[in-house]
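Pasted below: protein32.csv, CSV, C-alpha atoms.
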chain,number,residue,atom,x,y,z
A,281,MET,CA,-25.4,36.5,42.9
A,282,ARG,CA,-24.6,33.1,44.3
A,283,ILE,CA,-24.3,31.9,47.9
A,284,ASP,CA,-22.4,28.7,48.2
A,285,GLY,CA,-22.0,27.7,51.9
A,286,ALA,CA,-20.0,30.6,53.4
A,287,ARG,CA,-18.9,31.9,50.0
A,288,ILE,CA,-20.5,34.9,48.3
A,289,ASP,CA,-20.0,35.4,44.5
A,290,GLY,CA,-21.1,38.3,42.4
A,291,ALA,CA,-21.0,41.0,45.0
A,292,HIS,CA,-20.1,44.5,43.8
A,293,GLY,CA,-19.5,47.9,45.3
A,294,TYR,CA,-18.1,51.4,44.6
A,295,ARG,CA,-14.6,52.2,45.7
A,296,LEU,CA,-12.5,55.3,46.0
A,297,VAL,CA,-9.3,54.8,43.9
A,298,ALA,CA,-7.8,58.2,44.6
A,299,ALA,CA,-8.8,61.4,46.4
A,300,GLY,CA,-10.6,63.8,44.1
A,301,GLN,CA,-11.7,61.1,41.7
A,302,PRO,CA,-15.3,59.7,41.2
A,303,LEU,CA,-16.2,56.4,42.9
A,304,GLN,CA,-15.6,53.5,40.6
A,305,ARG,CA,-17.7,50.3,40.3
A,306,TRP,CA,-15.7,47.2,41.5
A,307,GLU,CA,-16.6,43.5,41.3
A,308,PHE,CA,-15.6,41.8,44.4
A,309,PRO,CA,-13.6,38.5,44.3
A,310,ALA,CA,-15.5,35.7,46.2
A,311,LEU,CA,-16.2,36.8,49.7
A,312,GLU,CA,-15.4,34.2,52.4
A,313,PRO,CA,-15.6,35.0,56.1
A,314,SER,CA,-12.8,34.0,58.5
A,315,PRO,CA,-14.0,32.0,61.6
A,316,GLU,CA,-14.8,35.2,63.5
A,317,GLU,CA,-16.3,37.2,60.6
A,318,VAL,CA,-19.6,37.5,58.9
A,319,ILE,CA,-20.8,38.6,55.4
A,320,VAL,CA,-23.7,41.1,55.6
A,321,ALA,CA,-26.0,41.6,52.7
A,322,VAL,CA,-26.3,45.4,52.8
A,323,ALA,CA,-29.8,46.8,53.3
A,324,GLY,CA,-28.6,50.4,53.3
A,325,CYS,CA,-25.4,52.4,53.9
A,326,GLY,CA,-25.4,56.1,54.8
A,327,ILE,CA,-23.0,58.6,53.3
A,328,CYS,CA,-21.2,60.5,56.1
A,329,HIS,CA,-19.2,63.7,56.2
A,330,THR,CA,-16.2,61.5,57.1
A,331,ASP,CA,-16.6,59.7,53.7
A,332,VAL,CA,-16.5,63.0,52.0
A,333,GLY,CA,-13.3,63.9,53.9
A,334,PHE,CA,-11.6,60.8,52.6
A,335,ALA,CA,-12.7,61.3,49.0
A,336,VAL,CA,-12.5,65.1,48.7
A,337,ASP,CA,-10.3,66.6,51.4
A,338,GLY,CA,-7.6,64.0,51.1
A,339,ILE,CA,-7.8,62.7,54.7
A,340,PRO,CA,-6.0,59.4,54.5
A,341,THR,CA,-7.8,56.1,55.2
A,342,ARG,CA,-6.0,53.7,57.4
A,343,LYS,CA,-6.0,51.0,54.7
A,344,ALA,CA,-4.5,52.4,51.6
A,345,LEU,CA,-6.7,53.2,48.6
A,346,PRO,CA,-8.4,51.8,46.6
A,347,LEU,CA,-11.1,51.2,49.2
A,348,VAL,CA,-14.9,50.8,49.3
A,349,LEU,CA,-16.1,53.6,51.7
A,350,GLY,CA,-19.1,53.6,54.0
A,351,HIS,CA,-19.4,52.9,57.7
A,352,GLU,CA,-23.2,53.3,58.4
A,353,ILE,CA,-24.4,49.9,57.5
A,354,SER,CA,-27.5,47.8,58.2
A,355,GLY,CA,-28.4,44.5,56.6
A,356,ARG,CA,-28.7,40.8,57.1
A,357,VAL,CA,-26.0,38.2,57.8
A,358,VAL,CA,-25.9,35.8,54.9
A,359,ALA,CA,-22.7,33.9,55.6
A,360,ALA,CA,-20.7,33.4,58.8
A,361,GLY,CA,-17.5,31.8,60.0
A,362,ASP,CA,-17.5,28.8,62.4
A,363,GLN,CA,-17.3,31.0,65.5
A,364,ALA,CA,-20.0,33.4,64.3
A,365,ALA,CA,-22.6,30.9,63.2
A,366,ALA,CA,-25.2,32.2,65.7
A,367,TRP,CA,-25.5,35.4,63.6
A,368,LEU,CA,-26.6,33.7,60.4
A,369,ASP,CA,-29.8,35.1,58.9
A,370,ARG,CA,-30.1,37.8,61.6
A,371,ALA,CA,-30.8,41.4,60.8
A,372,VAL,CA,-28.0,43.6,62.2
A,373,ILE,CA,-26.5,47.0,62.4
A,374,VAL,CA,-22.7,47.0,61.9
A,375,PRO,CA,-20.9,49.3,64.4
A,376,ALA,CA,-19.0,52.2,62.7
A,377,VAL,CA,-16.1,51.5,65.1
A,378,ILE,CA,-15.5,47.8,66.1
A,379,PRO,CA,-13.0,47.5,68.9
A,380,CYS,CA,-10.8,44.4,69.4
A,381,GLY,CA,-12.0,43.8,73.0
A,382,ALA,CA,-8.6,42.7,74.3
A,383,CYS,CA,-6.2,45.6,74.1
A,384,ALA,CA,-5.2,47.9,77.0
A,385,ALA,CA,-7.8,50.6,75.8
A,386,CYS,CA,-10.6,48.1,75.6
A,387,LEU,CA,-9.8,46.5,79.0
A,388,ALA,CA,-9.6,50.0,80.5
A,389,GLY,CA,-13.2,50.7,79.3
A,390,ARG,CA,-12.1,53.0,76.4
A,391,PRO,CA,-13.0,50.8,73.4
A,392,THR,CA,-13.5,53.7,71.0
A,393,ILE,CA,-9.8,54.5,71.1
A,394,CYS,CA,-8.8,50.9,70.5
A,395,ARG,CA,-5.8,50.9,68.2
A,396,HIS,CA,-6.8,47.6,66.7
A,397,GLN,CA,-10.3,48.7,65.9
A,398,PHE,CA,-12.0,47.9,62.6
A,399,MET,CA,-13.9,50.7,60.9
A,400,PRO,CA,-15.6,49.7,57.7
A,401,GLY,CA,-14.6,52.0,54.9
A,402,ASN,CA,-11.4,53.0,56.7
A,403,ASP,CA,-9.6,49.9,57.9
A,404,GLY,CA,-11.2,47.7,55.2
A,405,ASP,CA,-13.9,47.7,52.6
A,406,GLY,CA,-17.2,49.3,53.7
A,407,GLY,CA,-20.8,49.4,52.9
A,408,PHE,CA,-21.1,51.2,49.5
A,409,ALA,CA,-21.7,47.7,48.2
A,410,THR,CA,-24.1,44.8,48.0
A,411,HIS,CA,-22.2,42.9,50.7
A,412,VAL,CA,-19.6,43.7,53.3
A,413,ARG,CA,-17.3,41.4,55.3
A,414,VAL,CA,-16.9,42.5,59.0
A,415,PRO,CA,-15.9,41.1,62.3
A,416,ALA,CA,-18.9,39.5,64.1
A,417,ARG,CA,-17.9,41.1,67.5
A,418,GLY,CA,-20.0,44.0,68.4
A,419,LEU,CA,-22.8,43.5,65.9
A,420,CYS,CA,-26.1,45.1,67.0
A,421,PRO,CA,-29.1,42.7,66.6
A,422,VAL,CA,-32.2,44.3,65.1
A,423,PRO,CA,-35.5,42.9,66.5
A,424,GLU,CA,-38.0,41.7,64.0
A,425,PRO,CA,-40.6,42.5,62.8
A,426,LEU,CA,-39.8,46.2,62.7
A,427,PRO,CA,-42.4,48.8,63.7
A,428,PRO,CA,-44.5,50.3,60.9
A,429,GLY,CA,-42.7,53.0,58.9
A,430,ILE,CA,-39.2,51.7,59.7
A,431,ASP,CA,-37.4,49.6,57.1
A,432,PRO,CA,-33.9,47.9,57.5
A,433,ALA,CA,-32.2,50.5,55.3
A,434,LEU,CA,-33.3,53.4,57.5
A,435,LEU,CA,-31.5,51.8,60.4
A,436,SER,CA,-28.2,52.1,58.7
A,437,VAL,CA,-27.7,55.7,60.0
A,438,VAL,CA,-28.0,54.4,63.6
A,439,ALA,CA,-24.5,53.1,63.1
A,440,ASP,CA,-23.1,56.7,63.3
A,441,ALA,CA,-25.5,59.6,62.9
A,442,VAL,CA,-27.7,58.3,65.8
A,443,THR,CA,-25.2,56.5,68.1
A,444,THR,CA,-22.5,59.2,68.0
A,445,PRO,CA,-24.8,61.9,69.4
A,446,TRP,CA,-26.2,59.3,71.8
A,447,GLU,CA,-22.7,58.7,73.1
A,448,ALA,CA,-22.0,62.4,73.4
A,449,VAL,CA,-25.2,62.9,75.4
A,450,ARG,CA,-24.4,59.9,77.6
A,451,ARG,CA,-20.9,61.2,78.4
A,452,ALA,CA,-22.3,64.6,79.1
A,453,GLY,CA,-24.5,63.1,81.8
A,454,LEU,CA,-27.5,65.0,80.3
A,455,ARG,CA,-30.4,65.3,82.7
A,456,PRO,CA,-34.0,66.6,82.5
A,457,ASP,CA,-33.0,69.8,84.4
A,458,ASP,CA,-30.3,70.6,81.7
A,459,VAL,CA,-30.4,72.8,78.7
A,460,ALA,CA,-28.9,71.1,75.6
A,461,VAL,CA,-27.6,73.4,72.9
A,462,TRP,CA,-27.0,71.8,69.5
A,463,VAL,CA,-24.8,73.8,67.0
A,464,GLY,CA,-25.4,72.4,63.6
A,465,VAL,CA,-28.7,70.4,63.3
A,466,GLY,CA,-28.3,68.5,60.1
A,467,GLY,CA,-28.2,64.7,60.3
A,468,VAL,CA,-26.1,64.1,63.4
A,469,GLY,CA,-27.3,67.3,65.2
A,470,GLY,CA,-30.9,66.7,64.2
A,471,PHE,CA,-30.8,63.2,65.8
A,472,GLY,CA,-29.1,64.8,68.8
A,473,VAL,CA,-31.9,67.2,69.3
A,474,GLN,CA,-34.4,64.3,69.4
A,475,ILE,CA,-32.2,62.3,71.8
A,476,ALA,CA,-31.9,65.2,74.2
A,477,THR,CA,-35.6,65.8,74.0
A,478,ALA,CA,-36.4,62.2,74.7
A,479,LEU,CA,-34.3,62.4,77.8
A,480,GLY,CA,-36.3,65.4,79.1
A,481,ALA,CA,-33.8,68.3,78.5
A,482,ALA,CA,-34.8,71.7,77.2
A,483,VAL,CA,-33.3,71.9,73.7
A,484,VAL,CA,-31.8,74.8,71.6
A,485,ALA,CA,-31.0,74.3,68.0
A,486,ILE,CA,-28.5,76.6,66.2
A,487,ASP,CA,-27.8,76.6,62.5
A,488,VAL,CA,-27.4,78.8,59.5
A,489,ASP,CA,-30.0,76.8,57.5
A,490,GLN,CA,-33.7,77.8,58.1
A,491,GLY,CA,-35.0,74.5,56.7
A,492,LYS,CA,-32.9,72.5,59.2
A,493,LEU,CA,-34.0,74.8,62.1
A,494,GLU,CA,-37.7,74.3,61.1
A,495,LEU,CA,-37.2,70.5,61.1
A,496,ALA,CA,-35.5,70.7,64.5
A,497,ALA,CA,-38.5,72.7,65.9
A,498,GLN,CA,-40.8,69.9,64.7
A,499,HIS,CA,-38.8,67.3,66.5
A,500,GLY,CA,-38.2,68.7,69.9
A,501,ALA,CA,-36.2,72.0,69.8
A,502,GLY,CA,-37.8,74.6,72.1
A,503,LEU,CA,-35.8,77.4,70.6
A,504,THR,CA,-34.2,77.8,67.2
A,505,LEU,CA,-31.6,80.4,66.4
A,506,ASP,CA,-30.0,81.4,63.1
A,507,SER,CA,-26.4,82.1,63.9
A,508,SER,CA,-25.8,83.8,60.5
A,509,SER,CA,-27.8,86.7,61.6
A,510,MET,CA,-26.9,87.0,65.3
A,511,SER,CA,-23.8,88.1,67.2
A,512,GLU,CA,-22.2,85.9,69.8
A,513,LYS,CA,-23.5,88.2,72.5
A,514,ASP,CA,-27.1,87.9,71.2
A,515,LEU,CA,-26.9,84.1,70.9
A,516,LYS,CA,-25.7,83.9,74.5
A,517,ALA,CA,-28.5,86.2,75.7
A,518,ALA,CA,-31.2,84.2,73.8
A,519,VAL,CA,-29.9,80.9,75.2
A,520,ARG,CA,-29.8,82.2,78.8
A,521,GLY,CA,-33.3,83.7,78.4
A,522,PHE,CA,-34.6,80.3,77.2
A,523,ALA,CA,-32.9,78.5,80.1
A,524,LYS,CA,-34.6,80.8,82.6
A,525,GLN,CA,-38.0,80.5,80.9
A,526,SER,CA,-37.8,76.7,80.7
A,527,GLY,CA,-37.2,76.5,84.4
A,528,ARG,CA,-33.8,74.8,83.9
A,529,ARG,CA,-30.6,75.6,85.7
A,530,ALA,CA,-29.0,78.9,84.9
A,531,ILE,CA,-25.5,77.5,84.8
A,532,GLY,CA,-23.7,74.6,83.2
A,533,LEU,CA,-25.1,74.6,79.7
A,534,LYS,CA,-24.5,71.3,77.8
A,535,ILE,CA,-23.3,72.4,74.3
A,536,PHE,CA,-22.9,69.9,71.4
A,537,GLU,CA,-21.0,71.0,68.4
A,538,THR,CA,-22.3,68.9,65.5
A,539,SER,CA,-21.7,71.1,62.5
A,540,GLY,CA,-18.2,70.0,61.7
A,541,THR,CA,-17.3,73.6,60.5
A,542,THR,CA,-15.0,76.2,61.9
A,543,GLY,CA,-17.8,78.7,62.3
A,544,GLY,CA,-19.9,76.2,64.2
A,545,GLN,CA,-17.0,75.3,66.5
A,546,GLN,CA,-16.3,78.9,67.2
A,547,THR,CA,-20.0,79.5,68.0
A,548,ALA,CA,-20.1,76.5,70.3
A,549,PHE,CA,-17.0,77.5,72.2
A,550,GLY,CA,-18.2,81.0,72.5
A,551,LEU,CA,-21.4,79.8,74.2
A,552,LEU,CA,-19.6,78.2,77.1
A,553,ASP,CA,-20.6,79.6,80.4
A,554,PHE,CA,-19.6,79.0,84.1
A,555,GLY,CA,-19.4,75.2,84.6
A,556,GLY,CA,-20.4,74.6,81.0
A,557,TYR,CA,-19.8,71.4,79.0
A,558,LEU,CA,-18.8,71.3,75.4
A,559,ALA,CA,-19.0,68.1,73.4
A,560,VAL,CA,-17.1,68.2,70.2
A,561,VAL,CA,-18.9,65.8,67.8
A,562,GLY,CA,-18.4,67.3,64.4
A,563,PHE,CA,-15.1,67.1,62.5
A,564,THR,CA,-13.3,69.5,60.3
A,565,SER,CA,-9.6,69.3,59.1
A,566,LYS,CA,-9.4,73.0,59.3
A,567,LYS,CA,-7.9,74.8,62.3
A,568,VAL,CA,-9.9,77.0,64.6
A,569,GLU,CA,-8.5,79.9,66.7
A,570,LEU,CA,-9.9,79.8,70.2
A,571,ARG,CA,-8.9,81.2,73.6
A,572,LEU,CA,-8.5,77.9,75.6
A,573,SER,CA,-8.1,79.8,78.8
A,574,ASN,CA,-11.9,80.2,78.8
A,575,LEU,CA,-12.0,76.6,80.0
A,576,MET,CA,-10.0,77.5,83.0
A,577,ALA,CA,-11.7,80.9,83.7
A,578,LEU,CA,-15.2,79.3,83.4
A,579,ASP,CA,-14.2,76.0,85.1
A,580,ALA,CA,-15.7,74.5,82.0
A,581,THR,CA,-15.2,71.1,80.3
A,582,ALA,CA,-14.6,70.2,76.6
A,583,ARG,CA,-14.6,66.6,75.4
A,584,GLY,CA,-14.8,64.8,72.1
A,585,ASN,CA,-16.0,61.3,71.2
A,586,TRP,CA,-14.9,59.1,68.4
A,587,GLY,CA,-18.1,57.2,67.6
A,588,CYS,CA,-19.9,55.0,70.1
A,589,PRO,CA,-19.0,51.8,71.9
A,590,PRO,CA,-21.0,48.8,70.4
A,591,ASP,CA,-22.5,48.0,73.8
A,592,GLN,CA,-24.4,51.3,73.6
A,593,TYR,CA,-26.0,50.6,70.2
A,594,PRO,CA,-29.1,48.8,71.5
A,595,ALA,CA,-30.1,51.7,73.8
A,596,ALA,CA,-29.8,54.2,70.9
A,597,LEU,CA,-31.7,51.8,68.5
A,598,ASP,CA,-34.5,51.4,71.1
A,599,LEU,CA,-35.2,55.2,70.9
A,600,VAL,CA,-35.7,54.8,67.2
A,601,LEU,CA,-37.9,51.7,67.5
A,602,GLN,CA,-40.0,53.4,70.2
A,603,GLY,CA,-40.6,56.4,67.8
A,604,LYS,CA,-38.7,58.8,70.0
A,605,VAL,CA,-36.1,59.5,67.3
A,606,ALA,CA,-37.5,59.8,63.8
A,607,ILE,CA,-35.1,59.0,61.0
A,608,ALA,CA,-37.2,59.3,57.8
A,609,PRO,CA,-37.5,63.2,57.8
A,610,TYR,CA,-33.7,63.5,57.9
A,611,VAL,CA,-32.7,61.1,55.1
A,612,VAL,CA,-33.2,60.4,51.4
A,613,GLU,CA,-32.6,57.1,49.7
A,614,HIS,CA,-30.9,56.5,46.4
A,615,PRO,CA,-30.0,53.3,44.5
A,616,LEU,CA,-26.5,52.0,45.2
A,617,ASP,CA,-25.7,52.0,41.5
A,618,ASP,CA,-26.1,55.8,41.4
A,619,ALA,CA,-23.4,56.0,44.0
A,620,PRO,CA,-20.8,58.0,41.9
A,621,ALA,CA,-23.2,60.8,41.0
A,622,VAL,CA,-25.0,60.9,44.4
A,623,PHE,CA,-21.7,61.0,46.3
A,624,ASP,CA,-20.5,63.8,44.1
A,625,ALA,CA,-23.8,65.7,44.9
A,626,VAL,CA,-23.3,65.2,48.6
A,627,ALA,CA,-19.7,66.5,48.4
A,628,ARG,CA,-21.0,69.6,46.6
A,629,HIS,CA,-23.7,70.1,49.2
A,630,ALA,CA,-26.3,69.7,46.5
A,631,ILE,CA,-28.3,67.2,48.7
A,632,ALA,CA,-29.3,68.6,52.1
A,633,ARG,CA,-30.5,65.4,53.8
A,634,ARG,CA,-28.3,62.4,54.7
A,635,VAL,CA,-28.2,59.9,51.8
A,636,ILE,CA,-28.7,56.2,52.2
A,637,LEU,CA,-27.5,54.0,49.4
A,638,LYS,CA,-29.7,50.9,48.8
A,639,PRO,CA,-28.8,47.9,46.7
A,640,ALA,CA,-31.3,47.0,44.1
A,641,TRP,CA,-33.1,44.3,46.1
A,642,GLU,CA,-33.8,46.7,48.9
A,643,ARG,CA,-35.3,49.5,46.8
A,644,SER,CA,-39.1,50.0,47.2
Represent the structure from my file as structure tokens, please.
Amino acid sequence: MRIDGARIDGAHGYRLVAAGQPLQRWEFPALEPSPEEVIVAVAGCGICHTDVGFAVDGIPTRKALPLVLGHEISGRVVAAGDQAAAWLDRAVIVPAVIPCGACAACLAGRPTICRHQFMPGNDGDGGFATHVRVPARGLCPVPEPLPPGIDPALLSVVADAVTTPWEAVRRAGLRPDDVAVWVGVGGVGGFGVQIATALGAAVVAIDVDQGKLELAAQHGAGLTLDSSSMSEKDLKAAVRGFAKQSGRRAIGLKIFETSGTTGGQQTAFGLLDFGGYLAVVGFTSKKVELRLSNLMALDATARGNWGCPPDQYPAALDLVLQGKVAIAPYVVEHPLDDAPAVFDAVARHAIARRVILKPAWERS
């Protein structure tokens, strides 16, 4: 590896050449940032369900393959363009969605739907690599030194798995007198449970995996329900009973669908009550049959969110640094150079926790 001014030589990564094929090692040509870009030496990059969608389900990336995937990135800026020099040598989290800041959507306060946005691993090469080149705009600074037990690689999942449920909670206007119901409490949902708990809400965790439910109970869920063994009617009754026992409002549940499965989405929609709110956070390419008229009949609301605006990252990161959101119990770290085999295991659901890929210099 050589760093020569603003030029990085010897970087490598693992890119997707075609859907359904294993990731392949690729040696980058020299990386040089434009005036408004930086080169980040990757500390860690999380593997997200969206990456699996690109690689296995054939969901097209916006930049044509081959492409290095990965949009959950933390690291340190090792080279910077002239207009981004202030970022040099700073620890950062790279936003999963980087808006342009100047289009009609951005100016209207809707940066996550910016049509000129840059998403690493979708619009350009991402973080399954030793280095990544990204726009400097929107970078989230990481204060140093970090608290004990938190290393830079762990913070990679803040870029999506933590900030996305944070944004869903923020949009829902979650308050301490609310009941927050999380359907699917793996990585994203598990962090969502902790965020809602940190904000004072009473929290219900619903899943089909007992291990995930036990972990959610350890990190804030006041009630855990296994939806594989309960009818929709029984789920509703259990949630309503919990709301009453917790002293929260009996109407207007805040429901967060984070499973990204058809079953989870049907469960979440079925839990809607009068004045309820449904946040669609998980993604599946499969269709779900629902009676949309329930929204009208219940005077309920359903809303999705594509990631999180960069200006919200510091608030979400602060919850992690304060110890209110624990990352380590929900992740497992693997060497970057094991990426092809590890990614295949994630796609086959052979690894339950969220994987963070770490270049060799960051492995402990």
Review point. Could you state the separation of atom CA of Gly300 of chain A and atom CA of Phe334 of chain A in Å, given to one decimal place?
Key: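 Straight-line distance from atom CA of Gly300 of chain A to atom CA of Phe334 of chain A works out to 9.1 Å.
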Practice item. Please write as number ranges by chain the list of polymer residues whose atoms come within 12 Å of (-16.3, 65.4, 63.0), counting only C-alpha atoms and keeping to the coordinates of the file. Key: A: 328-333, 440-441, 444-445, 464, 468-469, 536-542, 544-545, 559-566, 584-587
Check your understanding: A:Phe398, A:Tyr593, A:Phe408, A:Trp446: which is nearest Val622 of chain A, counting all atoms listed in the file?
Key ->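 Closest to Val622 of chain A of all the choices is A:Phe408.
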Check your understanding: Quick one: of A:Ala476, A:Val568, A:Leu434, A:Met576, who's nearest to Ile607 of chain A, counting only C-alpha atoms?
Key ->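 Result for the nearest residue to Ile607 of chain A: A:Leu434.
Proximity to Pro609 of chain A at 12 Å, evaluated using all atoms listed in the file and with sequence-adjacent residues fewer than 3 positions away removed, yields Gly429, Ile430, Leu434, Gly466, Gly467, Gly470, Phe471, Gly491, Lys492, Glu494, Leu495, Ala496, Gln498, His499, Val605, Ala606, Val612, Glu613, Ala632, Arg633, Arg634 and Val635 of chain A.
You can rank A:Leu552, A:Ala376, A:Ala460, A:Val626 by their closest distance to Lys513 of chain A using all atoms listed in the file, and at the top of that list sits A:Leu552.
Atom CA of Leu349 of chain A sits 6.4 Å away from atom CA of Asp405 of chain A.
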Tell me which protein, DNA and RNA residues are within 7 Å of Asp458 of chain A, counting only C-alpha atoms, leaving out same-chain ones fewer than 3 positions away, and put them as a compact mmCIF listing (two decimals) with C-alpha atoms, keeping the file's coordinate frame.
# COMPACT_ATOMS: atom_id res chain seq x y z
CA LEU A 454 -27.50 65.00 80.30
CA ARG A 455 -30.40 65.30 82.70
CA ALA A 481 -33.80 68.30 78.50
CA ALA A 482 -34.80 71.70 77.20
CA ARG A 528 -33.80 74.80 83.90
CA ARG A 529 -30.60 75.60 85.70
CA LEU A 533 -25.10 74.60 79.70
Exercise for review: For Ile486 of chain A, work out the shell of residues within 8 Å, counting all atoms listed in the file and skipping chain neighbours fewer than 5 positions away, then give it as a list in words.
Suggested key: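 So, after excluding close chain neighbours, the residues are Val461, Trp462, Val463, Gly464, Val465, Leu493, Thr504, Leu505, Asp506 and Ser507 of chain A.
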Review point. Atom CA of Ala323 of chain A and atom CA of His614 of chain A, how far apart in Å?
Key: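 Distance reported for this atom pair: 12.0 Å.
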Check your understanding: For Leu551 of chain A, which of A:Gln363, A:Ser511, A:Gln592, A:Ser526 is the closest residue, counting all atoms listed in the file?
Key ->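 The answer is A:Ser511, which sits nearest to Leu551 of chain A.
Among A:Arg413, A:His351, A:Arg342, A:Arg356, the residue with the shortest atom-to-atom distance to Pro313 of chain A, counting only C-alpha atoms, is A:Arg413.
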Point to revise | Nearest-residue call for Ile288 of chain A, choices A:Thr410, A:Gln490, A:Thr477, A:Thr341, using only C-alpha atoms | key: A:Thr410
